[in-house]
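Before any comments, here is the structure.
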Amino acid sequence: MRQEIRFSGFGGQGVALAGYVLGKAFALYDGLNAVMTQSYGPEARGGASSASVVVSDTEIAYPFVQEPDVLVAFSMEAYSRFYPQVKKGALILVDQDLVQYRPDQWHHAIPASRLADELGRRIVANMVMLGFFTAVTGLISEEGVEKAIEDTVKPHTLELNRRALITGLRYGAREEVVP
């Protein structure tokens with residue numbers, strides 16, 4: 001099993017952190033092999049940003065994503081840029097308030113930024129989306145993601161990040177999972 005996953009958006013949305021937490025959860029807590037790479041524009045905030053995770057139950061010989069099995073898009077620019085690269089039948093997860101998408105069986109939408117605002121900080125939209133990803137894809141355990149968050153975020157932000165993850169998990173549990 002090899003899965004190629006790309007988180008994409010713009011700087012300041014926590015795309016790289018979401019990819020890092022996911023890769024850490026796969027490798028340290030779910031016993032899989034994982035590699036994470038990231039790319040971002042020259043701007044600190046507002047420029048293009050992506051984090052790619054390759055996960056496999058065998059050794060990873062090539063660590064770069066070529067045709068994502070899963071695309072997570074936090075912005076319209078990211079969706080437009082990376083959607084043409086996905087595999088046929090790829091699972092697409094979008095922030096529905098920021099991405100205009102074609103509703104079909106492969107697209108799943110969550111108002112991640114709006115839900116994060118309701119939690120008090122838009123910056124945790126990445127953890128809302130990570131919870132949604134976990135629930136909809138079934139690729140990673142909830143426990144693994146939660147442990148990776150605990151090991152990664154600053155202690156004073158842990159409770160907020162945990163609530164954001166749970167919000168995404170609950171929202172994703174309402175979605176119909178695509179085979």
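Chains: A, B, ... in order of the structure tokens. Residues: from 1 per chain. Ligands: from 1, in order shown.
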
- Item | Selection near region 130-140 of chain A, 8 Å with only C-alpha atoms, sequence-local residues under 2 positions removed, as a list of chain:residue names | A:Ala18, A:Leu22, A:Ala25, A:Phe26, A:Asp30, A:Leu93, A:Ile110, A:Asn126, A:Met127, A:Val128, A:Glu142, A:Gly144, A:Val145, A:Ala164, A:Leu165, A:Ile166, A:Thr167, A:Gly168, A:Leu169, A:Arg170, A:Tyr171, A:Gly172, A:Ala173, A:Glu175, A:Glu176, A:Val177, A:Val178

Would you save the residues of that selection, restricted to N, CA and C atoms, as a PDB file, in the first residue's frame?
```pdb
ATOM      1  N   ALA A  18       0.096  20.648   9.317  1.00  0.00           N
ATOM      2  CA  ALA A  18      -0.840  19.539   9.117  1.00  0.00           C
ATOM      3  C   ALA A  18      -0.120  18.345   8.483  1.00  0.00           C
ATOM      4  N   LEU A  22       0.571  14.724  10.284  1.00  0.00           N
ATOM      5  CA  LEU A  22       0.096  13.505   9.631  1.00  0.00           C
ATOM      6  C   LEU A  22       1.237  12.513   9.421  1.00  0.00           C
ATOM      7  N   ALA A  25       2.234  10.987  12.693  1.00  0.00           N
ATOM      8  CA  ALA A  25       1.237  10.013  13.152  1.00  0.00           C
ATOM      9  C   ALA A  25       1.395   8.683  12.417  1.00  0.00           C
ATOM     10  N   PHE A  26       1.569   8.737  11.107  1.00  0.00           N
ATOM     11  CA  PHE A  26       1.773   7.509  10.333  1.00  0.00           C
ATOM     12  C   PHE A  26       3.009   6.757  10.814  1.00  0.00           C
ATOM     13  N   ASP A  30       1.275   4.755  13.943  1.00  0.00           N
ATOM     14  CA  ASP A  30       0.545   3.734  13.195  1.00  0.00           C
ATOM     15  C   ASP A  30       1.481   2.723  12.542  1.00  0.00           C
ATOM     16  N   LEU A  93     -10.517  16.746  -0.656  1.00  0.00           N
ATOM     17  CA  LEU A  93     -11.097  17.384   0.521  1.00  0.00           C
ATOM     18  C   LEU A  93     -10.846  18.875   0.410  1.00  0.00           C
ATOM     19  N   ILE A 110     -15.810  20.614   3.844  1.00  0.00           N
ATOM     20  CA  ILE A 110     -16.015  20.988   5.243  1.00  0.00           C
ATOM     21  C   ILE A 110     -15.752  22.494   5.355  1.00  0.00           C
ATOM     22  N   ASN A 126      -6.417  24.040  10.121  1.00  0.00           N
ATOM     23  CA  ASN A 126      -5.611  22.897   9.678  1.00  0.00           C
ATOM     24  C   ASN A 126      -5.907  21.646  10.505  1.00  0.00           C
ATOM     25  N   MET A 127      -6.137  21.805  11.812  1.00  0.00           N
ATOM     26  CA  MET A 127      -6.439  20.653  12.659  1.00  0.00           C
ATOM     27  C   MET A 127      -7.881  20.190  12.463  1.00  0.00           C
ATOM     28  N   VAL A 128      -8.774  21.138  12.164  1.00  0.00           N
ATOM     29  CA  VAL A 128     -10.145  20.754  11.809  1.00  0.00           C
ATOM     30  C   VAL A 128     -10.081  19.875  10.554  1.00  0.00           C
ATOM     31  N   GLU A 142      -7.318   7.679  14.698  1.00  0.00           N
ATOM     32  CA  GLU A 142      -7.585   8.894  15.481  1.00  0.00           C
ATOM     33  C   GLU A 142      -6.566   9.027  16.600  1.00  0.00           C
ATOM     34  N   GLY A 144      -3.486   7.917  16.726  1.00  0.00           N
ATOM     35  CA  GLY A 144      -2.184   8.311  16.202  1.00  0.00           C
ATOM     36  C   GLY A 144      -2.103   9.798  15.930  1.00  0.00           C
ATOM     37  N   VAL A 145      -3.162  10.347  15.323  1.00  0.00           N
ATOM     38  CA  VAL A 145      -3.177  11.781  15.030  1.00  0.00           C
ATOM     39  C   VAL A 145      -3.184  12.581  16.324  1.00  0.00           C
ATOM     40  N   ALA A 164     -10.177  21.285  17.928  1.00  0.00           N
ATOM     41  CA  ALA A 164     -10.273  21.426  16.474  1.00  0.00           C
ATOM     42  C   ALA A 164     -10.249  20.055  15.799  1.00  0.00           C
ATOM     43  N   LEU A 165      -9.375  19.182  16.246  1.00  0.00           N
ATOM     44  CA  LEU A 165      -9.320  17.820  15.699  1.00  0.00           C
ATOM     45  C   LEU A 165     -10.653  17.112  15.892  1.00  0.00           C
ATOM     46  N   ILE A 166     -11.198  17.189  17.089  1.00  0.00           N
ATOM     47  CA  ILE A 166     -12.475  16.534  17.387  1.00  0.00           C
ATOM     48  C   ILE A 166     -13.594  17.108  16.532  1.00  0.00           C
ATOM     49  N   THR A 167     -13.586  18.409  16.316  1.00  0.00           N
ATOM     50  CA  THR A 167     -14.592  19.049  15.465  1.00  0.00           C
ATOM     51  C   THR A 167     -14.540  18.462  14.055  1.00  0.00           C
ATOM     52  N   GLY A 168     -13.341  18.340  13.493  1.00  0.00           N
ATOM     53  CA  GLY A 168     -13.181  17.759  12.160  1.00  0.00           C
ATOM     54  C   GLY A 168     -13.576  16.295  12.116  1.00  0.00           C
ATOM     55  N   LEU A 169     -13.224  15.540  13.148  1.00  0.00           N
ATOM     56  CA  LEU A 169     -13.602  14.124  13.219  1.00  0.00           C
ATOM     57  C   LEU A 169     -15.124  13.975  13.218  1.00  0.00           C
ATOM     58  N   ARG A 170     -15.783  14.776  14.031  1.00  0.00           N
ATOM     59  CA  ARG A 170     -17.249  14.698  14.114  1.00  0.00           C
ATOM     60  C   ARG A 170     -17.909  15.097  12.801  1.00  0.00           C
ATOM     61  N   TYR A 171     -17.395  16.132  12.169  1.00  0.00           N
ATOM     62  CA  TYR A 171     -17.944  16.560  10.884  1.00  0.00           C
ATOM     63  C   TYR A 171     -17.728  15.463   9.836  1.00  0.00           C
ATOM     64  N   GLY A 172     -16.560  14.872   9.837  1.00  0.00           N
ATOM     65  CA  GLY A 172     -16.236  13.821   8.880  1.00  0.00           C
ATOM     66  C   GLY A 172     -17.034  12.550   9.092  1.00  0.00           C
ATOM     67  N   ALA A 173     -17.415  12.279  10.328  1.00  0.00           N
ATOM     68  CA  ALA A 173     -18.210  11.075  10.608  1.00  0.00           C
ATOM     69  C   ALA A 173     -19.572  11.146   9.945  1.00  0.00           C
ATOM     70  N   GLU A 175     -19.988  12.301   6.899  1.00  0.00           N
ATOM     71  CA  GLU A 175     -19.763  12.150   5.460  1.00  0.00           C
ATOM     72  C   GLU A 175     -19.868  10.678   5.067  1.00  0.00           C
ATOM     73  N   GLU A 176     -20.319  10.447   3.852  1.00  0.00           N
ATOM     74  CA  GLU A 176     -20.323   9.097   3.301  1.00  0.00           C
ATOM     75  C   GLU A 176     -18.919   8.811   2.796  1.00  0.00           C
ATOM     76  N   VAL A 177     -18.321   7.712   3.276  1.00  0.00           N
ATOM     77  CA  VAL A 177     -16.957   7.378   2.891  1.00  0.00           C
ATOM     78  C   VAL A 177     -16.966   6.742   1.517  1.00  0.00           C
ATOM     79  N   VAL A 178     -16.073   7.199   0.659  1.00  0.00           N
ATOM     80  CA  VAL A 178     -15.950   6.695  -0.707  1.00  0.00           C
ATOM     81  C   VAL A 178     -15.072   5.461  -0.706  1.00  0.00           C
TER      82      VAL A 178
END
```

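Minimum atom-to-atom distance to Ile5 (chain A), evaluated using only C-alpha atoms, belongs to A:Ala51 out of A:Leu98, A:Ala27, A:Ala51, A:Leu32.
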
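For the pair CA of Leu91 (chain A) and CA of Val65 (chain A), the interatomic distance is 14.6 Å.
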
- Task: Go ahead and compute the interatomic distance for CA of Ile123 (chain A) and CA of Tyr29 (chain A), in Å to one decimal.
- Result: 24.8 Å
